[in-house]
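Undergrad: Data: target29.cif, mmCIF, C-alpha atoms.
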```cif
data_query
#
loop_
_atom_site.label_atom_id
_atom_site.label_comp_id
_atom_site.auth_asym_id
_atom_site.auth_seq_id
_atom_site.Cartn_x
_atom_site.Cartn_y
_atom_site.Cartn_z
CA MET R 109 -106.92 -140.06 137.27
CA LYS R 110 -108.46 -137.10 139.03
CA SER R 111 -107.80 -133.55 137.99
CA THR R 112 -108.87 -130.18 139.32
CA VAL R 113 -109.02 -126.96 137.34
CA ILE R 114 -108.89 -123.77 139.40
CA VAL R 115 -111.15 -121.00 138.12
CA PHE R 116 -110.52 -117.30 138.78
CA PRO R 117 -112.56 -114.32 137.67
CA GLY R 118 -111.07 -113.67 134.24
CA SER R 119 -109.89 -117.22 133.54
CA ASN R 120 -110.85 -117.99 129.96
CA CYS R 121 -109.09 -121.25 129.10
CA ASP R 122 -110.58 -123.17 132.02
CA ARG R 123 -113.26 -124.89 129.98
CA ASP R 124 -110.90 -125.66 127.10
CA ILE R 125 -108.51 -127.42 129.41
CA ALA R 126 -111.37 -129.25 131.13
CA VAL R 127 -112.51 -130.54 127.72
CA ALA R 128 -108.94 -131.66 126.96
CA LEU R 129 -108.63 -133.42 130.33
CA GLU R 130 -111.99 -135.16 129.96
CA LYS R 131 -111.14 -136.21 126.43
CA MET R 132 -108.07 -137.92 127.91
CA GLN R 133 -110.30 -139.68 130.50
CA PHE R 134 -109.38 -137.54 133.51
CA LYS R 135 -112.18 -137.19 136.03
CA ASN R 136 -112.13 -133.43 136.27
CA LYS R 137 -113.59 -130.97 138.75
CA MET R 138 -113.71 -127.20 138.48
CA VAL R 139 -112.90 -125.31 141.69
CA TRP R 140 -113.74 -121.65 142.23
CA HIS R 141 -110.93 -119.56 143.71
CA LYS R 142 -112.89 -118.74 146.87
CA GLU R 143 -113.00 -122.37 147.93
CA THR R 144 -110.74 -123.34 150.79
CA LYS R 145 -110.57 -127.05 150.13
CA LEU R 146 -109.36 -128.98 147.11
CA PRO R 147 -110.95 -132.23 146.05
CA LYS R 148 -108.54 -135.16 146.09
CA SER R 149 -106.59 -134.80 142.87
CA ASP R 150 -103.61 -136.26 141.07
CA LEU R 151 -103.25 -133.15 138.95
CA ILE R 152 -104.11 -129.51 139.59
CA VAL R 153 -104.34 -127.23 136.58
CA ILE R 154 -104.16 -123.46 136.70
CA PRO R 155 -105.60 -122.37 133.37
CA GLY R 156 -104.90 -119.46 131.08
CA GLY R 157 -106.79 -116.21 130.91
CA PHE R 158 -106.59 -112.81 132.49
CA SER R 159 -107.28 -113.46 136.16
CA TYR R 160 -108.42 -110.24 137.85
CA GLY R 161 -107.92 -108.38 134.58
CA ASP R 162 -104.14 -108.64 135.04
CA TYR R 163 -104.41 -105.92 137.72
CA LEU R 164 -101.13 -105.00 139.44
CA ARG R 165 -99.15 -107.66 137.54
CA SER R 166 -100.38 -110.68 135.59
CA GLY R 167 -101.17 -113.37 138.12
CA ALA R 168 -100.35 -111.24 141.17
CA ILE R 169 -103.84 -111.13 142.70
CA ALA R 170 -104.72 -114.73 141.81
CA GLY R 171 -101.41 -115.75 143.37
CA LYS R 172 -102.74 -114.58 146.76
CA SER R 173 -106.24 -116.03 146.49
CA LEU R 174 -107.78 -118.35 149.10
CA ILE R 175 -107.47 -121.57 147.13
CA ILE R 176 -103.82 -120.92 146.31
CA ASP R 177 -102.74 -121.79 149.86
CA GLU R 178 -104.21 -125.24 149.27
CA VAL R 179 -102.52 -125.51 145.88
CA ILE R 180 -99.18 -124.65 147.47
CA LYS R 181 -99.71 -127.26 150.20
CA ALA R 182 -100.69 -129.91 147.64
CA ALA R 183 -97.74 -129.04 145.39
CA ASN R 184 -95.33 -129.23 148.30
CA SER R 185 -96.63 -132.65 149.20
CA GLY R 186 -95.97 -133.89 145.67
CA CYS R 187 -99.23 -133.34 143.78
CA TYR R 188 -98.68 -132.57 140.09
CA VAL R 189 -99.43 -128.99 139.08
CA LEU R 190 -99.68 -127.62 135.55
CA GLY R 191 -99.89 -123.89 134.88
CA VAL R 192 -100.58 -122.73 131.34
CA CYS R 193 -100.09 -119.12 130.23
CA ASN R 194 -101.74 -117.04 132.96
CA GLY R 195 -101.42 -120.20 135.07
CA PHE R 196 -97.63 -120.04 134.59
CA GLN R 197 -97.68 -116.37 135.60
CA ILE R 198 -99.71 -117.24 138.71
CA LEU R 199 -97.29 -120.03 139.64
CA THR R 200 -94.34 -117.63 139.50
CA GLU R 201 -96.28 -115.14 141.65
CA THR R 202 -96.87 -117.81 144.29
CA GLY R 203 -93.19 -118.68 144.33
CA LEU R 204 -93.87 -122.31 143.34
CA LEU R 205 -91.87 -121.59 140.20
CA LYS R 206 -88.92 -119.22 140.20
CA GLY R 207 -88.49 -116.28 137.87
CA THR R 208 -91.15 -114.10 136.37
CA LEU R 209 -92.87 -113.22 133.09
CA LEU R 210 -92.26 -109.75 131.74
CA ARG R 211 -94.09 -107.97 128.98
CA ASN R 212 -93.33 -109.25 125.50
CA LYS R 213 -90.24 -107.54 124.16
CA ASN R 214 -92.16 -106.08 121.21
CA LEU R 215 -94.92 -104.79 123.54
CA LYS R 216 -97.54 -106.58 121.48
CA PHE R 217 -100.05 -109.23 122.40
CA ILE R 218 -98.93 -112.27 120.44
CA ASN R 219 -101.42 -114.87 119.25
CA GLN R 220 -99.81 -117.31 116.86
CA ASP R 221 -98.80 -120.92 116.42
CA VAL R 222 -95.10 -121.28 117.23
CA HIS R 223 -92.65 -124.16 117.37
CA ILE R 224 -91.23 -125.40 120.62
CA LYS R 225 -88.71 -128.10 121.35
CA VAL R 226 -89.11 -130.71 124.10
CA ILE R 227 -85.92 -130.24 126.11
CA ASN R 228 -86.63 -132.73 128.89
CA ASN R 229 -88.79 -135.77 128.14
CA GLN R 230 -87.92 -137.55 131.39
CA THR R 231 -90.75 -136.12 133.47
CA LYS R 232 -94.31 -137.13 134.30
CA PHE R 233 -95.49 -134.32 132.02
CA SER R 234 -93.41 -135.18 128.98
CA SER R 235 -92.59 -138.90 128.94
CA LYS R 236 -94.75 -139.53 125.86
CA TYR R 237 -92.77 -137.03 123.82
CA LYS R 238 -89.42 -137.78 122.24
CA LYS R 239 -86.39 -135.79 123.32
CA ASP R 240 -85.94 -132.74 121.06
CA GLN R 241 -89.35 -133.38 119.49
CA ILE R 242 -90.67 -130.27 117.79
CA LEU R 243 -94.23 -129.27 118.57
CA GLU R 244 -96.37 -126.64 116.92
CA ILE R 245 -98.37 -124.99 119.65
CA ASN R 246 -100.42 -121.84 119.98
CA ILE R 247 -99.29 -118.98 122.20
CA ALA R 248 -101.56 -116.07 123.14
CA HIS R 249 -100.12 -113.67 125.66
CA ASN R 250 -98.91 -110.19 126.44
CA GLU R 251 -96.49 -111.18 129.21
CA GLY R 252 -94.56 -114.25 128.15
CA ASN R 253 -91.05 -112.91 128.33
CA TYR R 254 -89.55 -115.28 130.90
CA PHE R 255 -86.86 -113.79 133.10
CA THR R 256 -84.82 -115.14 135.99
CA ASP R 257 -81.46 -114.54 137.63
CA ASN R 258 -78.25 -116.15 136.42
CA SER R 259 -77.85 -118.54 139.32
CA HIS R 260 -81.34 -119.96 138.79
CA LEU R 261 -80.73 -120.22 135.06
CA GLU R 262 -77.56 -122.23 135.72
CA ILE R 263 -79.42 -124.53 138.13
CA MET R 264 -82.17 -125.06 135.56
CA LYS R 265 -79.63 -126.04 132.92
CA LYS R 266 -77.70 -128.32 135.28
CA ASP R 267 -80.79 -130.06 136.66
CA ASN R 268 -82.63 -130.22 133.34
CA LEU R 269 -85.51 -128.03 134.51
CA ILE R 270 -86.11 -126.31 131.19
CA ALA R 271 -89.16 -128.01 129.70
CA PHE R 272 -89.51 -126.31 126.31
CA ARG R 273 -87.67 -123.76 124.20
CA TYR R 274 -88.98 -121.74 121.27
CA CYS R 275 -87.43 -122.83 117.99
CA ASN R 276 -88.16 -122.95 114.25
CA GLU R 277 -89.86 -125.80 112.42
CA LYS R 278 -86.52 -127.56 112.10
CA GLY R 279 -85.83 -127.34 115.81
CA ILE R 280 -83.18 -124.64 115.66
CA VAL R 281 -83.25 -122.61 118.85
CA ASP R 282 -82.24 -119.05 118.07
CA GLU R 283 -83.16 -115.51 119.09
CA LYS R 284 -84.71 -115.18 115.60
CA TYR R 285 -87.36 -117.71 116.60
CA ASN R 286 -88.03 -116.21 120.01
CA PRO R 287 -91.52 -114.66 119.85
CA ASN R 288 -91.52 -112.74 123.11
CA GLY R 289 -87.94 -112.12 124.20
CA ALA R 290 -87.90 -114.92 126.78
CA LEU R 291 -84.52 -115.60 128.35
CA GLU R 292 -82.70 -118.22 126.24
CA ASN R 293 -85.97 -118.96 124.37
CA ILE R 294 -87.50 -120.58 127.45
CA ALA R 295 -91.17 -121.48 126.89
CA GLY R 296 -91.73 -123.66 129.94
CA ILE R 297 -89.97 -124.73 133.14
CA TYR R 298 -90.17 -127.27 135.95
CA ASN R 299 -89.60 -126.79 139.66
CA SER R 300 -86.69 -128.67 141.23
CA LYS R 301 -88.86 -131.72 142.09
CA LYS R 302 -90.32 -131.71 138.56
CA ASN R 303 -93.88 -132.03 139.84
CA ILE R 304 -94.78 -128.50 138.71
CA LEU R 305 -94.73 -127.38 135.08
CA GLY R 306 -95.35 -123.82 133.96
CA MET R 307 -95.58 -123.09 130.24
CA MET R 308 -96.72 -120.22 128.05
CA PRO R 309 -97.90 -122.31 125.04
CA HIS R 310 -101.40 -123.81 125.20
CA PRO R 311 -101.36 -127.62 124.88
CA GLU R 312 -105.14 -127.73 125.43
CA ARG R 313 -105.61 -125.93 122.10
CA MET R 314 -103.77 -128.69 120.22
CA MET R 315 -106.00 -131.68 120.92
CA ASP R 316 -107.88 -132.22 117.68
CA LYS R 317 -106.94 -132.24 114.01
CA THR R 318 -110.15 -130.58 112.92
CA ILE R 319 -109.27 -127.30 114.64
CA SER R 320 -105.48 -127.40 114.99
CA ASN R 321 -103.22 -130.39 115.48
CA THR R 322 -102.66 -133.01 118.16
CA ASP R 323 -99.28 -131.87 119.48
CA GLY R 324 -100.74 -131.21 122.94
CA VAL R 325 -102.21 -134.68 123.40
CA ASN R 326 -99.03 -136.34 124.63
CA LEU R 327 -98.67 -133.91 127.50
CA PHE R 328 -101.97 -135.11 128.92
CA SER R 329 -101.36 -138.75 128.01
CA SER R 330 -97.98 -138.57 129.80
CA LEU R 331 -99.86 -137.39 132.89
CA LEU R 332 -102.25 -140.34 132.69
CA ASN R 333 -99.45 -142.55 133.95
CA LEU R 334 -99.09 -140.66 137.23
CA MET W 215 -118.59 -81.64 170.08
CA GLU W 216 -117.92 -85.30 170.76
CA LYS W 217 -118.21 -86.03 167.03
CA GLN W 218 -115.77 -83.24 166.19
CA PHE W 219 -113.33 -84.60 168.74
CA GLN W 220 -113.50 -88.08 167.23
CA LEU W 221 -113.09 -86.64 163.76
CA ASN W 222 -109.94 -84.79 164.87
CA LEU W 223 -108.63 -87.95 166.45
CA LYS W 224 -109.24 -89.83 163.24
CA LYS W 225 -107.41 -87.18 161.28
CA LYS W 226 -104.46 -87.30 163.61
CA SER W 227 -104.14 -91.05 163.50
CA LYS W 228 -103.99 -91.13 159.74
CA LEU W 229 -100.64 -91.48 158.03
CA LYS W 230 -100.11 -91.26 154.31
CA PHE W 231 -97.30 -92.79 152.32
CA SER W 232 -96.31 -93.04 148.72
CA VAL W 233 -94.73 -96.12 147.21
CA THR W 234 -92.88 -95.88 143.92
CA VAL W 235 -92.16 -99.14 142.13
CA THR W 236 -89.67 -99.23 139.29
CA LEU W 237 -88.06 -101.97 137.26
CA LYS W 238 -84.55 -102.84 138.42
CA LYS W 239 -81.72 -101.25 136.48
CA ASP W 240 -80.77 -104.32 134.47
CA VAL W 241 -84.35 -105.28 133.57
CA LEU W 242 -85.41 -104.17 130.12
CA ASP W 243 -88.23 -101.61 130.25
CA PRO W 244 -89.80 -101.66 126.79
CA GLN W 245 -92.61 -99.27 127.77
CA GLY W 246 -90.12 -96.71 129.04
CA LYS W 247 -88.13 -97.05 125.83
CA VAL W 248 -91.17 -96.44 123.64
CA VAL W 249 -92.17 -93.39 125.69
CA GLN W 250 -88.60 -92.13 125.47
CA ASN W 251 -88.44 -92.56 121.68
CA THR W 252 -91.77 -90.80 121.27
CA LEU W 253 -90.61 -87.86 123.36
CA ILE W 254 -87.40 -87.65 121.33
CA ASN W 255 -89.56 -87.60 118.18
CA LEU W 256 -91.48 -84.72 119.75
CA GLY W 257 -88.26 -82.76 119.89
CA MET W 258 -87.12 -83.37 123.48
CA LYS W 259 -83.48 -83.48 122.44
CA ASN W 260 -81.80 -83.55 125.86
CA LEU W 261 -83.62 -86.64 126.99
CA ILE W 262 -81.20 -89.26 128.27
CA ASN W 263 -83.32 -92.01 129.76
CA ILE W 264 -86.84 -92.85 130.88
CA ARG W 265 -87.91 -95.70 133.13
CA GLN W 266 -91.60 -96.25 133.65
CA GLY W 267 -92.94 -97.37 137.01
CA LYS W 268 -95.96 -97.57 139.30
CA PHE W 269 -97.10 -95.25 142.03
CA PHE W 270 -99.27 -96.09 145.06
CA GLU W 271 -100.74 -93.71 147.63
CA ILE W 272 -101.47 -95.55 150.85
CA GLU W 273 -103.32 -94.23 153.90
CA LEU W 274 -102.95 -96.04 157.19
CA ASN W 275 -104.83 -95.76 160.43
CA ASP W 276 -101.74 -95.54 162.57
CA LYS W 277 -100.03 -92.94 164.76
CA ASN W 278 -96.62 -94.49 164.93
CA GLU W 279 -94.66 -93.67 161.81
CA ILE W 280 -92.05 -96.38 162.30
CA GLU W 281 -94.69 -99.08 162.77
CA ALA W 282 -96.64 -97.75 159.81
CA LYS W 283 -93.57 -97.86 157.61
CA LYS W 284 -92.99 -101.46 158.62
CA LYS W 285 -96.54 -102.28 157.55
CA ILE W 286 -96.02 -100.57 154.19
CA THR W 287 -92.78 -102.52 153.68
CA GLU W 288 -94.71 -105.72 154.36
CA MET W 289 -97.36 -104.70 151.82
CA CYS W 290 -94.65 -104.08 149.25
CA GLU W 291 -92.91 -107.38 149.79
CA LYS W 292 -96.08 -109.46 150.00
CA LEU W 293 -97.96 -108.04 147.04
CA LEU W 294 -97.16 -104.66 145.55
CA VAL W 295 -93.66 -105.44 144.33
CA ASN W 296 -92.20 -108.35 142.40
CA LEU W 297 -88.80 -108.36 144.07
CA ILE W 298 -87.21 -110.34 141.24
CA ILE W 299 -87.57 -107.48 138.79
CA GLU W 300 -88.68 -104.42 140.75
CA ASP W 301 -87.31 -101.98 143.33
CA TYR W 302 -89.43 -99.75 145.55
CA LYS W 303 -89.15 -96.55 147.53
CA ILE W 304 -91.43 -95.55 150.41
CA ASN W 305 -91.97 -91.89 151.26
CA LYS W 306 -94.08 -90.21 153.91
CA ILE W 307 -96.42 -87.65 152.36
#
```
What would you get if you wrote out this structure as structure tokens?
TA:
Amino acid sequence: MKSTVIVFPGSNCDRDIAVALEKMQFKNKMVWHKETKLPKSDLIVIPGGFSYGDYLRSGAIAGKSLIIDEVIKAANSGCYVLGVCNGFQILTETGLLKGTLLRNKNLKFINQDVHIKVINNQTKFSSKYKKDQILEINIAHNEGNYFTDNSHLEIMKKDNLIAFRYCNEKGIVDEKYNPNGALENIAGIYNSKKNILGMMPHPERMMDKTISNTDGVNLFSSLLNL
Amino acid sequence: MEKQFQLNLKKKSKLKFSVTVTLKKDVLDPQGKVVQNTLINLGMKNLINIRQGKFFEIELNDKNEIEAKKKITEMCEKLLVNLIIEDYKINKI
């Protein structure tokens, strides 16, 4: 399995996700945003961080960078794309994922381990999880408040495009357990072809029991069966 | 003389616009709310509502105002504005 991690000025989870991918036996390459060609890859990862210092809007400048044209082409031809945190914000700015990420409702940067529920386990990203499995995963963001229009929300529900929702440790999805104000507790979404996943929580931080837990492992092991 | 002439020409062909970007009406603006509450705490009793936005000043090397405005619109839609959540207004200044 070949993976590519795109690196922007201000990316800061690029090496973490590379370590996670390599641990799972992906052959990974890092690609600087000024490149105009992507190596042949089964999976492209847009990592977390603060690309371009979040100037203009989070992800806005990175979403127009040179390499992004190639990412869009690859995604449209079926390549799997994962965007985590700032990567999710960048994917919405490119239009590959619909909706946008607003500032957290409480206006605070949130860094904490939260619970999320696997809503759809029938995708290449989630097949190793059980349906409704509860994961404890770290979030660290200032703009994670997912927002989209009603018609897109309805389509997402109908076509099972909601990947994860924030919940409590028992799996109850409620506004009380919504850390950032995201619409209907949405923590991650797929595009209509389900080859693109954008999520605010950081699976690459949950790869090893010594520092956290292993709730992120199955996301990468699901992708190994591409 | 020649230099002065070119300088004048340059001045004439410059157009300046302002772009104001605001969150759409039904999008929650937590920053605006906090600013509003703080102003109310400062005694600004008649305050009804505050929405916070962004302001851009853009200079263009163009003589034709209509064409220039088209360019500014393109800039807004391609980068400056997130049309899902934001509205914008262009003004000549």
Undergrad: Quick one: everything within 12 Å of Tyr298 (chain R), counting only C-alpha atoms, minus sequence neighbours fewer than 4 positions away in the same chain. Send it as an NGL selection string.
TA: :R and (188-191 or 196 or 199-200 or 204-207 or 227-234 or 260-261 or 263-265 or 267-272 or 294 or 302-307)
Undergrad: Just C-alpha atoms for this one: save the residues we selected as a short mmCIF file (atom, residue, chain, number, x, y, z; two decimals), in the coordinates of the input.
TA:
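Result file is out24.cif:
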```
data_model
loop_
_atom_site.label_atom_id
_atom_site.label_comp_id
_atom_site.auth_asym_id
_atom_site.auth_seq_id
_atom_site.Cartn_x
_atom_site.Cartn_y
_atom_site.Cartn_z
CA TYR R 188 -98.68 -132.57 140.09
CA VAL R 189 -99.43 -128.99 139.08
CA LEU R 190 -99.68 -127.62 135.55
CA GLY R 191 -99.89 -123.89 134.88
CA PHE R 196 -97.63 -120.04 134.59
CA LEU R 199 -97.29 -120.03 139.64
CA THR R 200 -94.34 -117.63 139.50
CA LEU R 204 -93.87 -122.31 143.34
CA LEU R 205 -91.87 -121.59 140.20
CA LYS R 206 -88.92 -119.22 140.20
CA GLY R 207 -88.49 -116.28 137.87
CA ILE R 227 -85.92 -130.24 126.11
CA ASN R 228 -86.63 -132.73 128.89
CA ASN R 229 -88.79 -135.77 128.14
CA GLN R 230 -87.92 -137.55 131.39
CA THR R 231 -90.75 -136.12 133.47
CA LYS R 232 -94.31 -137.13 134.30
CA PHE R 233 -95.49 -134.32 132.02
CA SER R 234 -93.41 -135.18 128.98
CA HIS R 260 -81.34 -119.96 138.79
CA LEU R 261 -80.73 -120.22 135.06
CA ILE R 263 -79.42 -124.53 138.13
CA MET R 264 -82.17 -125.06 135.56
CA LYS R 265 -79.63 -126.04 132.92
CA ASP R 267 -80.79 -130.06 136.66
CA ASN R 268 -82.63 -130.22 133.34
CA LEU R 269 -85.51 -128.03 134.51
CA ILE R 270 -86.11 -126.31 131.19
CA ALA R 271 -89.16 -128.01 129.70
CA PHE R 272 -89.51 -126.31 126.31
CA ILE R 294 -87.50 -120.58 127.45
CA LYS R 302 -90.32 -131.71 138.56
CA ASN R 303 -93.88 -132.03 139.84
CA ILE R 304 -94.78 -128.50 138.71
CA LEU R 305 -94.73 -127.38 135.08
CA GLY R 306 -95.35 -123.82 133.96
CA MET R 307 -95.58 -123.09 130.24
#
```
Undergrad: Using Å and a single decimal, report how far CA of Ile152 (chain R) sits from CA of Ile180 (chain R).
TA: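 Separation between CA of Ile180 (chain R) and CA of Ile152 (chain R): 10.5 Å.
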Undergrad: Pick out the closest residue to chain R from this set: W:Ile307, W:Leu261, W:Leu253, W:Leu297. Count all atoms listed in the file.
TA: W:Leu297
Undergrad: Sorted by chain and rising residue number, which residues of chain R lie within 12 Å of chain W, and what are their closest atom pairs and distances in Å to one decimal, counting all atoms listed in the file, as a Markdown table?
TA:
```
| residue | atom | partner | partner_atom | distance |
| --- | --- | --- | --- | --- |
| R:Tyr163 | CA | W:Leu294 | CA | 10.7 |
| R:Leu164 | CA | W:Leu294 | CA | 7.3 |
| R:Arg165 | CA | W:Asn296 | CA | 8.5 |
| R:Ser166 | CA | W:Asn296 | CA | 10.9 |
| R:Gly167 | CA | W:Leu293 | CA | 10.9 |
| R:Ala168 | CA | W:Leu293 | CA | 7.1 |
| R:Ile169 | CA | W:Leu293 | CA | 7.9 |
| R:Ala170 | CA | W:Leu293 | CA | 10.9 |
| R:Gly171 | CA | W:Leu293 | CA | 9.2 |
| R:Lys172 | CA | W:Leu293 | CA | 8.1 |
| R:Ser173 | CA | W:Leu293 | CA | 11.5 |
| R:Gln197 | CA | W:Asn296 | CA | 11.9 |
| R:Thr200 | CA | W:Asn296 | CA | 10.0 |
| R:Glu201 | CA | W:Asn296 | CA | 8.0 |
| R:Thr202 | CA | W:Lys292 | CA | 10.1 |
| R:Gly203 | CA | W:Asn296 | CA | 10.6 |
| R:Lys206 | CA | W:Ile298 | CA | 9.1 |
| R:Gly207 | CA | W:Ile298 | CA | 6.9 |
| R:Thr208 | CA | W:Ile298 | CA | 7.3 |
| R:Leu209 | CA | W:Ile299 | CA | 9.7 |
| R:Leu210 | CA | W:Ile299 | CA | 8.8 |
| R:Arg211 | CA | W:Pro244 | CA | 7.9 |
| R:Asn212 | CA | W:Pro244 | CA | 8.5 |
| R:Lys213 | CA | W:Pro244 | CA | 6.5 |
| R:Asn214 | CA | W:Pro244 | CA | 7.5 |
| R:Leu215 | CA | W:Pro244 | CA | 6.8 |
| R:Lys216 | CA | W:Pro244 | CA | 10.6 |
| R:Glu251 | CA | W:Pro244 | CA | 11.9 |
| R:Asn253 | CA | W:Leu242 | CA | 10.6 |
| R:Tyr254 | CA | W:Ile299 | CA | 11.3 |
| R:Phe255 | CA | W:Ile299 | CA | 8.5 |
| R:Thr256 | CA | W:Ile298 | CA | 7.5 |
| R:Asp257 | CA | W:Ile298 | CA | 8.0 |
| R:Asn258 | CA | W:Ile298 | CA | 11.7 |
| R:His260 | CA | W:Ile298 | CA | 11.5 |
| R:Asn288 | CA | W:Pro244 | CA | 11.8 |
| R:Gly289 | CA | W:Leu242 | CA | 10.2 |
| R:Ala290 | CA | W:Leu242 | CA | 11.5 |
| R:Leu291 | CA | W:Val241 | CA | 11.6 |
```
Undergrad: By how many Å are CA of Glu244 (chain R) and CA of Thr318 (chain R) apart?
TA: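 Computing the Euclidean distance for CA of Glu244 (chain R) and CA of Thr318 (chain R) yields 14.9 Å.
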Undergrad: Expand the PyMOL selection byres ((chain R and resi 119) around 9) into the explicit residue set it covers here, and present it as a compact mmCIF listing (two decimals) with C-alpha atoms, in the coordinates of the input.
TA:
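File produced: expr03.txt:
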```
# COMPACT_ATOMS: atom_id res chain seq x y z
CA ILE R 114 -108.89 -123.77 139.40
CA VAL R 115 -111.15 -121.00 138.12
CA PHE R 116 -110.52 -117.30 138.78
CA PRO R 117 -112.56 -114.32 137.67
CA GLY R 118 -111.07 -113.67 134.24
CA ASN R 120 -110.85 -117.99 129.96
CA CYS R 121 -109.09 -121.25 129.10
CA ASP R 122 -110.58 -123.17 132.02
CA PRO R 155 -105.60 -122.37 133.37
CA GLY R 156 -104.90 -119.46 131.08
CA GLY R 157 -106.79 -116.21 130.91
CA PHE R 158 -106.59 -112.81 132.49
CA SER R 159 -107.28 -113.46 136.16
CA TYR R 160 -108.42 -110.24 137.85
CA ASN R 194 -101.74 -117.04 132.96
```
Undergrad: Let me know the residues the PyMOL selection byres ((chain R and resi 330) around 9) catches in the file above, as a ChimeraX atom specification.
TA: /R:231-237,325-329,331-334
Undergrad: For Lys283 (chain W), which residue among W:Ile264, W:Leu256, W:Val249, W:Ile304 is the nearest when counting all atoms listed in the file?
TA: W:Ile304
Undergrad: Quick one, how far is CA of Asp221 (chain R) from CA of Thr112 (chain R)?
TA: 26.7 Å
Undergrad: Could you tell me which residues the PyMOL selection byres ((chain W and resi 235) around 6) returns for this structure, as a ChimeraX atom specification?
TA: /W:234,236,267-268,301-302
Undergrad: Identify, on the basis of all atoms listed in the file, every residue whose closest approach to Glu312 (chain R) does not exceed 7 Å; exclude the query and any residue fewer than 6 positions from it along the same chain; express the result as an MDAnalysis selection string.
TA: chainID R and resid 124:125 128 324
Undergrad: Restricted to C-alpha atoms, what would the selected residues look like written as a PDB file, in the frame of the given file?
TA:
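Here's the written file again35.pdb:
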```
ATOM      1  CA  ASP R 124    -110.900-125.660 127.100  1.00  0.00           C
ATOM      2  CA  ILE R 125    -108.510-127.420 129.410  1.00  0.00           C
ATOM      3  CA  ALA R 128    -108.940-131.660 126.960  1.00  0.00           C
ATOM      4  CA  GLY R 324    -100.740-131.210 122.940  1.00  0.00           C
TER       5      GLY R 324
END
```
Undergrad: Tell me, as a list in words, which residues lie within 6 Å of Lys110 (chain R), counting all atoms listed in the file; anything in the same chain fewer than 5 positions away does not count.
TA: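 Residues near the query, excluding close chain neighbours: Phe134, Lys135, Asn136, Ser149 and Asp150 of chain R.
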Undergrad: Can you find the residues with an atom no farther than 8 Å from (-103.2, -116.0, 124.4), counting all atoms listed in the file, and report them as a ChimeraX atom specification?
TA: /R:156-157,193,217-219,246-250
Undergrad: Nearest to Ile224 (chain R) among R:Met308, R:Leu129, R:Leu174, R:Met109, with distances taken over only C-alpha atoms: which residue is it?
TA: R:Met308
Undergrad: Would you kindly return, as a VMD selection string, each protein, DNA or RNA residue with an atom no farther than 6 Å from any atom of region 230-233 of chain W, considering only C-alpha atoms and excluding same-chain residues fewer than 3 positions away?
TA: chain W and resid 269 to 273 303 to 307
